[in-house]
Structures are given as C-alpha cells and as structure tokens.
file input-v4.txt (compact mmCIF, C-alpha atoms and all ligand atoms)
# COMPACT_ATOMS: atom_id res chain seq x y z
CA MET A 128 -3.65 -17.50 5.84
CA LEU A 129 -4.01 -13.75 6.37
CA LEU A 130 -4.91 -12.82 2.79
CA TYR A 131 -5.69 -14.89 -0.27
CA LEU A 132 -6.83 -13.67 -3.68
CA ASP A 133 -8.34 -16.45 -5.76
CA ASN A 134 -8.70 -16.25 -9.54
CA ILE A 135 -9.22 -12.48 -9.67
CA CYS A 136 -10.18 -10.92 -13.01
CA LYS A 137 -10.56 -7.19 -13.65
CA SER A 138 -10.98 -5.33 -16.89
CA TYR A 139 -11.62 -1.68 -17.73
CA LYS A 140 -13.28 -0.10 -20.71
CA ILE A 141 -10.60 1.98 -22.39
CA SER A 142 -11.64 3.93 -25.54
CA GLY A 143 -14.76 1.73 -25.77
CA GLU A 144 -12.68 -1.45 -25.72
CA LYS A 145 -12.66 -3.91 -22.83
CA ILE A 146 -9.06 -4.29 -21.68
CA SER A 147 -8.14 -7.02 -19.21
CA VAL A 148 -5.86 -5.72 -16.44
CA LEU A 149 -5.93 -8.63 -13.98
CA SER A 150 -6.48 -12.08 -15.45
CA HIS A 151 -7.10 -15.12 -13.19
CA LEU A 152 -4.65 -13.71 -10.69
CA ASN A 153 -3.80 -15.58 -7.48
CA PHE A 154 -1.94 -14.02 -4.58
CA SER A 155 -1.40 -14.78 -0.92
CA ALA A 156 0.19 -12.99 2.01
CA GLN A 157 0.94 -13.96 5.60
CA ARG A 158 1.39 -12.06 8.85
CA GLY A 159 4.88 -10.65 9.32
CA GLU A 160 5.69 -10.56 5.61
CA ILE A 161 6.92 -7.72 3.43
CA ILE A 162 5.95 -8.39 -0.18
CA SER A 163 7.05 -6.21 -3.07
CA ILE A 164 5.18 -6.17 -6.35
CA THR A 165 6.90 -4.78 -9.37
CA GLY A 166 6.12 -4.61 -13.07
CA ARG A 167 5.84 -2.15 -15.96
CA SER A 168 3.85 1.03 -15.60
CA GLY A 169 0.22 0.19 -16.36
CA CYS A 170 0.56 -3.54 -15.58
CA GLY A 171 -2.05 -3.31 -12.80
CA LYS A 172 -0.18 -2.86 -9.50
CA THR A 173 -2.40 -0.04 -8.22
CA THR A 174 -5.50 -1.91 -9.46
CA LEU A 175 -4.41 -4.95 -7.45
CA LEU A 176 -3.92 -2.89 -4.27
CA ASN A 177 -7.30 -1.22 -4.81
CA ILE A 178 -8.95 -4.62 -5.12
CA ILE A 179 -7.37 -5.74 -1.83
CA ASN A 180 -8.62 -2.63 -0.02
CA GLY A 181 -12.07 -2.79 -1.60
CA LEU A 182 -11.84 0.52 -3.50
CA CYS A 183 -12.20 -1.43 -6.72
CA ARG A 184 -14.44 -4.49 -7.18
CA PRO A 185 -13.12 -7.41 -9.27
CA ASP A 186 -15.24 -8.69 -12.18
CA SER A 187 -14.84 -12.21 -10.80
CA GLY A 188 -12.86 -14.15 -8.23
CA ASN A 189 -12.78 -14.16 -4.45
CA ILE A 190 -10.80 -12.62 -1.64
CA PHE A 191 -10.26 -14.43 1.66
CA PHE A 192 -9.20 -12.58 4.80
CA HIS A 193 -8.24 -14.84 7.72
CA ASP A 194 -9.60 -17.72 5.59
CA LYS A 195 -13.06 -16.12 5.46
CA LYS A 196 -14.57 -15.06 2.17
CA VAL A 197 -14.82 -11.26 1.95
CA PRO A 198 -18.30 -10.08 0.91
CA LEU A 199 -17.13 -8.02 -2.06
CA TRP A 200 -20.67 -6.97 -2.97
CA CYS A 201 -21.38 -5.42 0.45
CA ASP A 202 -20.14 -1.81 0.59
CA ILE A 203 -20.64 -1.52 4.36
CA SER A 204 -18.61 -4.65 5.13
CA MET A 205 -15.93 -3.57 2.67
CA SER A 206 -15.54 -0.09 4.10
CA SER A 207 -15.46 -1.50 7.63
CA LEU A 208 -12.74 -3.99 6.60
CA ARG A 209 -10.82 -1.22 4.88
CA ASN A 210 -11.06 1.05 7.87
CA LYS A 211 -10.28 -1.42 10.62
CA LYS A 212 -7.87 -3.88 9.06
CA ILE A 213 -6.12 -2.17 6.16
CA GLY A 214 -3.94 0.92 6.05
CA GLN A 215 -3.09 2.39 2.69
CA ILE A 216 -0.47 4.75 1.34
CA PHE A 217 -1.69 5.96 -2.04
CA GLN A 218 0.55 6.70 -5.02
CA THR A 219 -0.78 10.28 -5.02
CA PHE A 220 -0.87 10.68 -1.17
CA ARG A 221 -4.56 11.78 -1.06
CA LEU A 222 -4.01 14.13 1.89
CA ILE A 223 -6.45 16.89 2.76
CA ASP A 224 -4.28 19.88 1.89
CA ASN A 225 -6.04 22.53 3.96
CA GLU A 226 -6.08 20.45 7.14
CA THR A 227 -3.14 20.09 9.51
CA VAL A 228 -0.71 17.19 9.48
CA LEU A 229 -2.13 15.94 12.80
CA SER A 230 -5.69 16.15 11.51
CA ASN A 231 -4.74 14.17 8.38
CA VAL A 232 -3.11 11.45 10.48
CA LEU A 233 -6.20 11.22 12.68
CA LEU A 234 -8.61 11.00 9.73
CA PRO A 235 -8.99 7.16 9.61
CA ALA A 236 -9.59 7.15 13.38
CA ARG A 237 -12.28 9.82 12.94
CA ILE A 238 -13.93 7.70 10.24
CA LYS A 239 -13.77 4.72 12.60
CA GLY A 240 -15.40 6.96 15.24
CA LYS A 241 -12.60 6.49 17.71
CA VAL A 242 -10.51 9.53 18.61
CA ASN A 243 -9.63 9.25 22.30
CA LYS A 244 -6.58 10.09 24.39
CA GLU A 245 -4.76 6.89 23.36
CA VAL A 246 -5.36 7.52 19.65
CA ILE A 247 -4.05 11.08 19.91
CA GLU A 248 -1.00 9.78 21.75
CA GLN A 249 -0.55 7.16 19.01
CA ALA A 250 -0.74 9.95 16.37
CA HIS A 251 1.89 11.93 18.27
CA ASN A 252 4.19 8.89 18.41
CA LEU A 253 3.72 8.23 14.68
CA LEU A 254 4.57 11.86 13.91
CA LYS A 255 7.73 11.54 16.00
CA ASP A 256 8.67 8.21 14.32
CA THR A 257 8.24 9.70 10.87
CA GLY A 258 10.18 12.89 11.71
CA LEU A 259 7.12 15.13 11.36
CA TRP A 260 6.64 16.24 14.94
CA MET A 261 7.52 19.88 14.29
CA TYR A 262 5.06 19.99 11.37
CA LYS A 263 2.06 18.66 13.25
CA GLU A 264 0.15 21.97 13.13
CA GLN A 265 1.27 22.77 9.57
CA LYS A 266 -1.25 22.57 6.71
CA ALA A 267 -0.53 19.36 4.74
CA GLY A 268 -0.67 21.22 1.41
CA LEU A 269 2.44 23.21 2.37
CA LEU A 270 4.67 20.17 2.87
CA SER A 271 7.26 18.80 0.46
CA GLY A 272 6.53 15.60 -1.51
CA GLY A 273 8.62 13.45 0.85
CA GLN A 274 6.97 14.99 3.93
CA LYS A 275 3.53 14.30 2.44
CA GLN A 276 4.59 10.71 1.85
CA ARG A 277 5.53 10.39 5.52
CA VAL A 278 2.17 11.89 6.61
CA ALA A 279 0.50 9.28 4.38
CA LEU A 280 2.48 6.55 6.16
CA ALA A 281 1.57 7.85 9.64
CA ARG A 282 -2.09 8.07 8.56
CA ALA A 283 -1.99 4.50 7.23
CA LEU A 284 -0.84 3.27 10.64
CA ILE A 285 -3.18 5.14 12.98
CA ASN A 286 -5.78 2.34 13.23
CA ASN A 287 -3.11 -0.36 13.79
CA PRO A 288 -4.02 -2.18 10.57
CA GLU A 289 -3.09 -5.83 10.00
CA ILE A 290 -2.27 -5.16 6.35
CA ILE A 291 -0.47 -2.09 5.05
CA LEU A 292 -0.70 -1.42 1.32
CA ALA A 293 1.91 0.98 0.03
CA ASP A 294 1.80 2.25 -3.53
CA GLU A 295 5.24 3.53 -4.56
CA PRO A 296 5.95 4.69 -0.98
CA THR A 297 9.47 5.90 -1.73
CA ALA A 298 8.88 7.46 -5.15
CA ASN A 299 9.31 10.98 -3.77
CA LEU A 300 11.97 10.33 -1.17
CA ASP A 301 15.75 10.62 -1.10
CA ASN A 302 17.79 7.51 -0.22
CA ASP A 303 18.18 8.30 3.48
CA THR A 304 14.48 9.01 3.96
CA SER A 305 13.62 5.85 2.00
CA LYS A 306 15.78 3.88 4.42
CA GLU A 307 14.00 5.51 7.38
CA ILE A 308 10.62 4.57 5.90
CA PHE A 309 11.83 1.06 5.29
CA ASN A 310 13.05 0.77 8.90
CA ILE A 311 9.55 1.73 10.05
CA LEU A 312 8.12 -0.98 7.77
CA ILE A 313 10.59 -3.58 9.16
CA ASN A 314 9.46 -2.64 12.66
CA LEU A 315 5.83 -3.18 11.63
CA LYS A 316 6.71 -6.55 10.12
CA GLN A 317 8.30 -7.56 13.43
CA GLN A 318 4.98 -6.70 15.10
CA GLY A 319 3.33 -9.26 12.79
CA ARG A 320 1.85 -6.82 10.28
CA CYS A 321 1.80 -7.68 6.60
CA ILE A 322 3.11 -5.05 4.20
CA ILE A 323 2.43 -5.16 0.47
CA ILE A 324 4.38 -2.65 -1.59
CA ALA A 325 3.99 -1.74 -5.26
CA THR A 326 7.36 -0.35 -6.21
CA HIS A 327 10.13 0.05 -8.75
CA ASP A 328 12.61 1.05 -6.02
CA PRO A 329 15.54 -1.44 -6.02
CA TYR A 330 16.10 -0.83 -2.31
CA MET A 331 12.52 -1.83 -1.49
CA LEU A 332 12.74 -4.84 -3.79
CA LYS A 333 15.95 -5.98 -2.15
CA LEU A 334 14.69 -5.78 1.40
CA ALA A 335 11.29 -7.41 0.89
CA ASP A 336 10.79 -11.02 2.00
CA LYS A 337 9.19 -11.84 -1.34
CA THR A 338 9.24 -9.99 -4.63
CA TYR A 339 6.71 -10.70 -7.35
CA LYS A 340 6.50 -9.39 -10.86
CA MET A 341 3.19 -8.59 -12.55
CA GLU A 342 2.88 -9.35 -16.23
CA ASN A 343 -0.08 -10.02 -18.52
CA GLY A 344 -2.53 -9.59 -15.62
CA LYS A 345 -0.87 -12.24 -13.48
CA ILE A 346 1.60 -12.37 -10.65
CA LEU A 347 4.63 -14.28 -11.76
CA LYS A 348 7.04 -16.18 -9.61
CA SER A 349 10.01 -14.00 -10.18
CA ASP A 350 13.75 -13.84 -9.88
CA VAL A 351 13.51 -10.05 -9.68
CA LYS A 352 14.80 -10.15 -6.15
CA ASN A 353 17.95 -12.03 -7.12
CA THR A 354 18.49 -9.92 -10.20
CA THR A 355 18.12 -6.75 -8.15
CA ARG A 356 20.40 -8.09 -5.44
CA ASN A 357 23.07 -8.90 -8.03
CA ARG A 358 22.73 -5.48 -9.62
CA LEU A 359 23.07 -3.75 -6.26
CA ARG A 360 26.02 -5.98 -5.37
CA ASN A 361 27.73 -5.17 -8.69
CA SER A 362 27.09 -1.46 -8.33
CA HIS A 363 28.84 -1.51 -4.93
CA SER A 364 31.84 -3.56 -6.04
N1 LIG B 1 -10.58 3.54 -13.08
C1 LIG B 1 -10.03 3.17 -14.25
N2 LIG B 1 -10.74 3.25 -15.42
C2 LIG B 1 -10.21 2.84 -16.57
N3 LIG B 1 -8.96 2.35 -16.69
C3 LIG B 1 -8.21 2.25 -15.59
C4 LIG B 1 -8.69 2.65 -14.31
N4 LIG B 1 -7.72 2.45 -13.39
C5 LIG B 1 -6.68 1.92 -14.08
N5 LIG B 1 -6.96 1.81 -15.39
C6 LIG B 1 -6.07 1.24 -16.43
O1 LIG B 1 -5.65 -0.02 -15.96
C7 LIG B 1 -4.28 -0.25 -16.28
C8 LIG B 1 -3.52 -0.56 -15.01
O2 LIG B 1 -3.43 0.62 -14.23
P1 LIG B 1 -2.70 0.66 -12.82
O3 LIG B 1 -2.84 2.03 -12.29
O4 LIG B 1 -3.21 -0.46 -12.00
O5 LIG B 1 -1.19 0.36 -13.25
P2 LIG B 1 0.15 0.42 -12.40
O6 LIG B 1 0.86 -0.90 -12.59
O7 LIG B 1 -0.15 0.83 -11.00
O8 LIG B 1 0.99 1.56 -13.15
P3 LIG B 1 2.08 2.61 -12.57
O9 LIG B 1 3.36 1.83 -12.35
O10 LIG B 1 2.21 3.62 -13.67
O11 LIG B 1 1.53 3.21 -11.30
C9 LIG B 1 -3.81 0.99 -17.01
O12 LIG B 1 -3.87 0.71 -18.40
C10 LIG B 1 -4.80 2.06 -16.63
O13 LIG B 1 -4.96 2.99 -17.66
MG MG B 2 0.32 2.51 -9.87
call {"tool": "encode", "arguments": {"input": "input-v4.txt", "output": "structure tokens"}}
result
Amino acid sequence: MLLYLDNICKSYKISGEKISVLSHLNFSAQRGEIISITGRSGCGKTTLLNIINGLCRPDSGNIFFHDKKVPLWCDISMSSLRNKKIGQIFQTFRLIDNETVLSNVLLPARIKGKVNKEVIEQAHNLLKDTGLWMYKEQKAGLLSGGQKQRVALARALINNPEIILADEPTANLDNDTSKEIFNILINLKQQGRCIIIATHDPYMLKLADKTYKMENGKILKSDVKNTTRNRLRNSHS
C-alpha cells in the first residue's frame, strides 16, 4: 500500500471552541491511482491534504507510507518526506511572485539541494508540457491565475514525487486548459504516480479512478462519481 491514513482526528480551536474537522478518518491510495475528494466548503479537504504532506499534524491517528509508519512528531523526517516523495499544488498557488517562473519551478529541487543539468532540463520539459515555455523568465507575480496554476503544477513535479496532492487544481482554469492539466495528470498516473485531488470540478470528478465525498469529518464511500457521470451525460444529450 502506497499511502494509508488510519483513524485520523484533527480539530481546530475556532472562536475559543474546539471544532472537530477530521474524525476517525481512514483513507488509502495506491500507485497509479487518481483519487478525487469532494465535499462542501469547509468540510476539511485542504486539512486532509495538509495532513498527508505533513504541513499539519493530526491530533491522533497514524499515517503509513509504503506500509511504514510515518514519524509524525519528527519535523526533519516529515520535511524530507514532503520534499522527496510528495508534490503539492496549493489552493492559493503559493508562488514567489518576484522570482521567475523557472526559479519557482526549481524551488523544491533547491530545497532538496539538487539543481544539476538534468534537473534544469526536467524543469524546461515541464515548462514546455504546461505551455509556459515562453514565460520562463517572466516574474511569477505577473502571470494570470491559470498560468500560475500551471507553474504550481510544474513545481509540484520537479522532484518526481510519488504522490501529487492537488488542491482545486482547475479552479482558475478554462475548460480547455483544465483538460490539458488533466491529460498531464493521466500521463503521471500511467507512470505509476498517485494523484489525490480536492475538487468540485465535475470534469475532474468524472475522470478520477475513485471519487470520495467528505462529510462530518469522514471520507464516505460515495456515488458522487456516478451522479456526476449521469449529470454530464444528461447535459450532453
Ligand atoms: N489553521 C487553521 N486554524 C483554525 N481553523 C482552521 C485552520 N485551517 C482550517 N480551519 C478550519 O477547518 C475547517 C476545514 O477547512 P478546510 O480548509 O480543510 O476546508 P475545505 O474543505 O478545504 O474547504 P474549501 O472547499 O472552502 O477549500 C474550516 O472550518 C476552517 O475554518
Ligand atoms: Mg480547501
């Protein structure tokens, strides 16, 4: 098993009150899978992704990566795991606006301490694949929302991560660009990567291998995928 979350609980203090966001949540993901997670705004999708990438520590529960327990309490191990094995596209991009597109894409490799000829070539290929080649020397802050989203995708892939976490990756994109992004994700799946997407986008939900719904702090077995498929089918008939 590539990734397994066992009995995860997470609560936040909101206005002095402890509010449970994730409650005894279980989740698993395999290599070569695209999993979509949907659910109402505020149900905990981003929190779940942040727990997988170690940016947020659960109150209780365990995470297993390649069947080995992840040492959640050890910041060094967590940041190494995050940097080497996980690529993330954040809901709010988190680009460095006054650095170039190329520099943003290379950032995780710089953190890993590995920027050599191959990595720069990889960055160039990612910029070509995401249609950003002509912008490579442009400051990231000057790009459109959709272009920033594509920089975030290229940056997430620079270290060849095994797991790609994508938080609303098509929220700022038109249909055609969404399809292009999804084709890149399909390609990654075929290379054996695992892609976990938090999304409301019906196109993303339709094309995922599995679609889960989050409700009351848990991941529910869901018929969202079928419902979405039917809706899309009806809208085209
Ligand atoms: N760092 C934090 N401190 C306190 N509360 C938080 C924190 N992060 C998230 N929350 C709260 O946890 C709940 C879940 O937030 P989260 O961002 O995970 O939801 P979401 O499902 O991603 O929503 P959306 O679809 O709007 O992106 C919300 O009520 C939010 O206010
Ligand atoms: Mg969110």
call {"tool": "residues_near_point", "arguments": {"input": "input-v4.txt", "point": "(-7.9, 4.6, 3.4)", "cutoff": "12 Å", "atoms": "all atoms listed in the file", "output": "PDB file with C-alpha atoms, in the coordinates of the input"}}
result
ATOM      1  CA  LEU A 176      -3.920  -2.890  -4.270  1.00  0.00           C
ATOM      2  CA  ASN A 177      -7.300  -1.220  -4.810  1.00  0.00           C
ATOM      3  CA  ILE A 179      -7.370  -5.740  -1.830  1.00  0.00           C
ATOM      4  CA  ASN A 180      -8.620  -2.630  -0.020  1.00  0.00           C
ATOM      5  CA  GLY A 181     -12.070  -2.790  -1.600  1.00  0.00           C
ATOM      6  CA  LEU A 182     -11.840   0.520  -3.500  1.00  0.00           C
ATOM      7  CA  MET A 205     -15.930  -3.570   2.670  1.00  0.00           C
ATOM      8  CA  SER A 206     -15.540  -0.090   4.100  1.00  0.00           C
ATOM      9  CA  SER A 207     -15.460  -1.500   7.630  1.00  0.00           C
ATOM     10  CA  LEU A 208     -12.740  -3.990   6.600  1.00  0.00           C
ATOM     11  CA  ARG A 209     -10.820  -1.220   4.880  1.00  0.00           C
ATOM     12  CA  ASN A 210     -11.060   1.050   7.870  1.00  0.00           C
ATOM     13  CA  LYS A 211     -10.280  -1.420  10.620  1.00  0.00           C
ATOM     14  CA  LYS A 212      -7.870  -3.880   9.060  1.00  0.00           C
ATOM     15  CA  ILE A 213      -6.120  -2.170   6.160  1.00  0.00           C
ATOM     16  CA  GLY A 214      -3.940   0.920   6.050  1.00  0.00           C
ATOM     17  CA  GLN A 215      -3.090   2.390   2.690  1.00  0.00           C
ATOM     18  CA  ILE A 216      -0.470   4.750   1.340  1.00  0.00           C
ATOM     19  CA  PHE A 217      -1.690   5.960  -2.040  1.00  0.00           C
ATOM     20  CA  PHE A 220      -0.870  10.680  -1.170  1.00  0.00           C
ATOM     21  CA  ARG A 221      -4.560  11.780  -1.060  1.00  0.00           C
ATOM     22  CA  LEU A 222      -4.010  14.130   1.890  1.00  0.00           C
ATOM     23  CA  ASN A 231      -4.740  14.170   8.380  1.00  0.00           C
ATOM     24  CA  VAL A 232      -3.110  11.450  10.480  1.00  0.00           C
ATOM     25  CA  LEU A 233      -6.200  11.220  12.680  1.00  0.00           C
ATOM     26  CA  LEU A 234      -8.610  11.000   9.730  1.00  0.00           C
ATOM     27  CA  PRO A 235      -8.990   7.160   9.610  1.00  0.00           C
ATOM     28  CA  ALA A 236      -9.590   7.150  13.380  1.00  0.00           C
ATOM     29  CA  ARG A 237     -12.280   9.820  12.940  1.00  0.00           C
ATOM     30  CA  ILE A 238     -13.930   7.700  10.240  1.00  0.00           C
ATOM     31  CA  LYS A 239     -13.770   4.720  12.600  1.00  0.00           C
ATOM     32  CA  ALA A 279       0.500   9.280   4.380  1.00  0.00           C
ATOM     33  CA  LEU A 280       2.480   6.550   6.160  1.00  0.00           C
ATOM     34  CA  ALA A 281       1.570   7.850   9.640  1.00  0.00           C
ATOM     35  CA  ARG A 282      -2.090   8.070   8.560  1.00  0.00           C
ATOM     36  CA  ALA A 283      -1.990   4.500   7.230  1.00  0.00           C
ATOM     37  CA  LEU A 284      -0.840   3.270  10.640  1.00  0.00           C
ATOM     38  CA  ILE A 285      -3.180   5.140  12.980  1.00  0.00           C
ATOM     39  CA  ASN A 286      -5.780   2.340  13.230  1.00  0.00           C
ATOM     40  CA  PRO A 288      -4.020  -2.180  10.570  1.00  0.00           C
ATOM     41  CA  ILE A 290      -2.270  -5.160   6.350  1.00  0.00           C
ATOM     42  CA  ILE A 291      -0.470  -2.090   5.050  1.00  0.00           C
ATOM     43  CA  LEU A 292      -0.700  -1.420   1.320  1.00  0.00           C
ATOM     44  CA  ALA A 293       1.910   0.980   0.030  1.00  0.00           C
TER      45      ALA A 293
END
call {"tool": "residues_near_ligand", "arguments": {"input": "input-v4.txt", "ligand": "ligand MG 2 (chain B)", "cutoff": "9 Å", "atoms": "all atoms listed in the file", "output": "PyMOL selection string"}}
result
chain A and resi 168-174+176+217-218+294-295+325-326
call {"tool": "write_last_selection", "arguments": {"input": "input-v4.txt", "atoms": "C-alpha atoms", "output": "mmCIF file, in the coordinates of the input"}}
result
data_model
loop_
_atom_site.group_PDB
_atom_site.id
_atom_site.type_symbol
_atom_site.label_atom_id
_atom_site.label_comp_id
_atom_site.auth_asym_id
_atom_site.auth_seq_id
_atom_site.Cartn_x
_atom_site.Cartn_y
_atom_site.Cartn_z
ATOM 1 C CA SER A 168 3.850 1.030 -15.600
ATOM 2 C CA GLY A 169 0.220 0.190 -16.360
ATOM 3 C CA CYS A 170 0.560 -3.540 -15.580
ATOM 4 C CA GLY A 171 -2.050 -3.310 -12.800
ATOM 5 C CA LYS A 172 -0.180 -2.860 -9.500
ATOM 6 C CA THR A 173 -2.400 -0.040 -8.220
ATOM 7 C CA THR A 174 -5.500 -1.910 -9.460
ATOM 8 C CA LEU A 176 -3.920 -2.890 -4.270
ATOM 9 C CA PHE A 217 -1.690 5.960 -2.040
ATOM 10 C CA GLN A 218 0.550 6.700 -5.020
ATOM 11 C CA ASP A 294 1.800 2.250 -3.530
ATOM 12 C CA GLU A 295 5.240 3.530 -4.560
ATOM 13 C CA ALA A 325 3.990 -1.740 -5.260
ATOM 14 C CA THR A 326 7.360 -0.350 -6.210
#
call {"tool": "residues_near_point", "arguments": {"input": "input-v4.txt", "point": "(-12.2, -17.7, -2.3)", "cutoff": "10 Å", "atoms": "only C-alpha atoms", "output": "compact mmCIF listing (two decimals) with C-alpha atoms, in the coordinates of the input"}}
result
# COMPACT_ATOMS: atom_id res chain seq x y z
CA TYR A 131 -5.69 -14.89 -0.27
CA LEU A 132 -6.83 -13.67 -3.68
CA ASP A 133 -8.34 -16.45 -5.76
CA ASN A 134 -8.70 -16.25 -9.54
CA ILE A 135 -9.22 -12.48 -9.67
CA GLY A 188 -12.86 -14.15 -8.23
CA ASN A 189 -12.78 -14.16 -4.45
CA ILE A 190 -10.80 -12.62 -1.64
CA PHE A 191 -10.26 -14.43 1.66
CA PHE A 192 -9.20 -12.58 4.80
CA ASP A 194 -9.60 -17.72 5.59
CA LYS A 195 -13.06 -16.12 5.46
CA LYS A 196 -14.57 -15.06 2.17
CA VAL A 197 -14.82 -11.26 1.95
call {"tool": "residues_around", "arguments": {"input": "input-v4.txt", "residues": "Asp328 (chain A)", "least_positions_apart": "6", "cutoff": "10 Å", "atoms": "all atoms listed in the file", "output": "ChimeraX atom specification"}}
result
/A:163,165,295-298,305,355
call {"tool": "residues_around", "arguments": {"input": "input-v4.txt", "residues": "region 335-350 of chain A", "least_positions_apart": "2", "cutoff": "10 Å", "atoms": "all atoms listed in the file", "output": "PDB file with C-alpha atoms, keeping the file's coordinate frame"}}
result
ATOM      1  CA  ASN A 134      -8.700 -16.250  -9.540  1.00  0.00           C
ATOM      2  CA  ILE A 135      -9.220 -12.480  -9.670  1.00  0.00           C
ATOM      3  CA  CYS A 136     -10.180 -10.920 -13.010  1.00  0.00           C
ATOM      4  CA  LYS A 137     -10.560  -7.190 -13.650  1.00  0.00           C
ATOM      5  CA  SER A 138     -10.980  -5.330 -16.890  1.00  0.00           C
ATOM      6  CA  SER A 147      -8.140  -7.020 -19.210  1.00  0.00           C
ATOM      7  CA  VAL A 148      -5.860  -5.720 -16.440  1.00  0.00           C
ATOM      8  CA  LEU A 149      -5.930  -8.630 -13.980  1.00  0.00           C
ATOM      9  CA  SER A 150      -6.480 -12.080 -15.450  1.00  0.00           C
ATOM     10  CA  HIS A 151      -7.100 -15.120 -13.190  1.00  0.00           C
ATOM     11  CA  LEU A 152      -4.650 -13.710 -10.690  1.00  0.00           C
ATOM     12  CA  ASN A 153      -3.800 -15.580  -7.480  1.00  0.00           C
ATOM     13  CA  PHE A 154      -1.940 -14.020  -4.580  1.00  0.00           C
ATOM     14  CA  ALA A 156       0.190 -12.990   2.010  1.00  0.00           C
ATOM     15  CA  GLY A 159       4.880 -10.650   9.320  1.00  0.00           C
ATOM     16  CA  GLU A 160       5.690 -10.560   5.610  1.00  0.00           C
ATOM     17  CA  ILE A 161       6.920  -7.720   3.430  1.00  0.00           C
ATOM     18  CA  ILE A 162       5.950  -8.390  -0.180  1.00  0.00           C
ATOM     19  CA  SER A 163       7.050  -6.210  -3.070  1.00  0.00           C
ATOM     20  CA  ILE A 164       5.180  -6.170  -6.350  1.00  0.00           C
ATOM     21  CA  THR A 165       6.900  -4.780  -9.370  1.00  0.00           C
ATOM     22  CA  GLY A 166       6.120  -4.610 -13.070  1.00  0.00           C
ATOM     23  CA  ARG A 167       5.840  -2.150 -15.960  1.00  0.00           C
ATOM     24  CA  GLY A 169       0.220   0.190 -16.360  1.00  0.00           C
ATOM     25  CA  CYS A 170       0.560  -3.540 -15.580  1.00  0.00           C
ATOM     26  CA  GLY A 171      -2.050  -3.310 -12.800  1.00  0.00           C
ATOM     27  CA  LYS A 172      -0.180  -2.860  -9.500  1.00  0.00           C
ATOM     28  CA  LEU A 175      -4.410  -4.950  -7.450  1.00  0.00           C
ATOM     29  CA  PHE A 309      11.830   1.060   5.290  1.00  0.00           C
ATOM     30  CA  LEU A 312       8.120  -0.980   7.770  1.00  0.00           C
ATOM     31  CA  ILE A 313      10.590  -3.580   9.160  1.00  0.00           C
ATOM     32  CA  ILE A 322       3.110  -5.050   4.200  1.00  0.00           C
ATOM     33  CA  ILE A 323       2.430  -5.160   0.470  1.00  0.00           C
ATOM     34  CA  ILE A 324       4.380  -2.650  -1.590  1.00  0.00           C
ATOM     35  CA  ALA A 325       3.990  -1.740  -5.260  1.00  0.00           C
ATOM     36  CA  THR A 326       7.360  -0.350  -6.210  1.00  0.00           C
ATOM     37  CA  TYR A 330      16.100  -0.830  -2.310  1.00  0.00           C
ATOM     38  CA  MET A 331      12.520  -1.830  -1.490  1.00  0.00           C
ATOM     39  CA  LEU A 332      12.740  -4.840  -3.790  1.00  0.00           C
ATOM     40  CA  LYS A 333      15.950  -5.980  -2.150  1.00  0.00           C
ATOM     41  CA  LYS A 352      14.800 -10.150  -6.150  1.00  0.00           C
ATOM     42  CA  ASN A 353      17.950 -12.030  -7.120  1.00  0.00           C
ATOM     43  CA  THR A 354      18.490  -9.920 -10.200  1.00  0.00           C
ATOM     44  CA  THR A 355      18.120  -6.750  -8.150  1.00  0.00           C
ATOM     45  CA  ARG A 356      20.400  -8.090  -5.440  1.00  0.00           C
TER      46      ARG A 356
END
call {"tool": "axis_aligned_box", "arguments": {"input": "input-v4.txt", "around": "ligand LIG 1 (chain B)", "padding_each_side": "4 Å", "output": "JSON"}}
result
{"center_x": -3.7, "center_y": 1.4, "center_z": -14.7, "size_x": 22.1, "size_y": 12.5, "size_z": 15.4}
call {"tool": "closest_residue", "arguments": {"input": "input-v4.txt", "among": "A:Glu245, A:Glu144, A:Glu226, A:Glu264", "to": "ligand LIG 1 (chain B)", "atoms": "all atoms listed in the file"}}
result
A:Glu144
call {"tool": "closest_residue", "arguments": {"input": "input-v4.txt", "among": "A:Lys244, A:Leu254, A:Gln276, A:His327", "to": "ligand LIG 1 (chain B)", "atoms": "all atoms listed in the file"}}
result
A:His327
call {"tool": "closest_residue", "arguments": {"input": "input-v4.txt", "among": "A:Leu270, A:Thr219, A:Met128, A:Pro198", "to": "ligand LIG 1 (chain B)", "atoms": "all atoms listed in the file"}}
result
A:Thr219
call {"tool": "closest_residue", "arguments": {"input": "input-v4.txt", "among": "A:Cys201, A:Leu334, A:Ile247, A:Leu259", "to": "Arg277 (chain A)", "atoms": "all atoms listed in the file"}}
result
A:Leu259
call {"tool": "residues_around", "arguments": {"input": "input-v4.txt", "residues": "Gly258 (chain A)", "least_positions_apart": "6", "cutoff": "10 Å", "atoms": "only C-alpha atoms", "output": "PDB file with C-alpha atoms, keeping the file's coordinate frame"}}
result
ATOM      1  CA  ASN A 252       4.190   8.890  18.410  1.00  0.00           C
ATOM      2  CA  GLN A 274       6.970  14.990   3.930  1.00  0.00           C
ATOM      3  CA  ARG A 277       5.530  10.390   5.520  1.00  0.00           C
ATOM      4  CA  VAL A 278       2.170  11.890   6.610  1.00  0.00           C
ATOM      5  CA  THR A 304      14.480   9.010   3.960  1.00  0.00           C
ATOM      6  CA  GLU A 307      14.000   5.510   7.380  1.00  0.00           C
TER       7      GLU A 307
END
call {"tool": "atom_distance", "arguments": {"input": "input-v4.txt", "atom1": "CA of Gly268 (chain A)", "atom2": "CA of Thr227 (chain A)"}}
result
8.5 Å
call {"tool": "atom_distance", "arguments": {"input": "input-v4.txt", "atom1": "atom N3 of ligand LIG 1 (chain B)", "atom2": "CA of Lys145 (chain A)"}}
result
9.5 Å
call {"tool": "atom_distance", "arguments": {"input": "input-v4.txt", "atom1": "atom C10 of ligand LIG 1 (chain B)", "atom2": "CA of Ile146 (chain A)"}}
result
9.2 Å
call {"tool": "closest_residue", "arguments": {"input": "input-v4.txt", "among": "A:Arg158, A:Asp224, A:Leu130, A:Cys183", "to": "ligand LIG 1 (chain B)", "atoms": "all atoms listed in the file"}}
result
A:Cys183
call {"tool": "build_atoms", "arguments": {"input": "input-v4.txt", "residues": "region 234-240 of chain A", "atoms": "N, CA and C atoms", "output": "compact mmCIF listing (two decimals), in the frame of the given file"}}
result
# COMPACT_ATOMS: atom_id res chain seq x y z
N LEU A 234 -7.41 11.19 10.55
CA LEU A 234 -8.61 11.00 9.73
C LEU A 234 -9.20 9.57 9.77
N PRO A 235 -8.38 8.51 9.57
CA PRO A 235 -8.99 7.16 9.61
C PRO A 235 -9.60 6.84 10.97
N ALA A 236 -9.02 7.39 12.04
CA ALA A 236 -9.59 7.15 13.38
C ALA A 236 -10.92 7.89 13.52
N ARG A 237 -11.00 9.08 12.90
CA ARG A 237 -12.28 9.82 12.94
C ARG A 237 -13.35 9.04 12.19
N ILE A 238 -12.96 8.47 11.03
CA ILE A 238 -13.93 7.70 10.24
C ILE A 238 -14.40 6.47 11.05
N LYS A 239 -13.44 5.89 11.78
CA LYS A 239 -13.77 4.72 12.60
C LYS A 239 -14.60 5.13 13.82
N GLY A 240 -14.63 6.45 14.10
CA GLY A 240 -15.40 6.96 15.24
C GLY A 240 -14.68 6.77 16.55
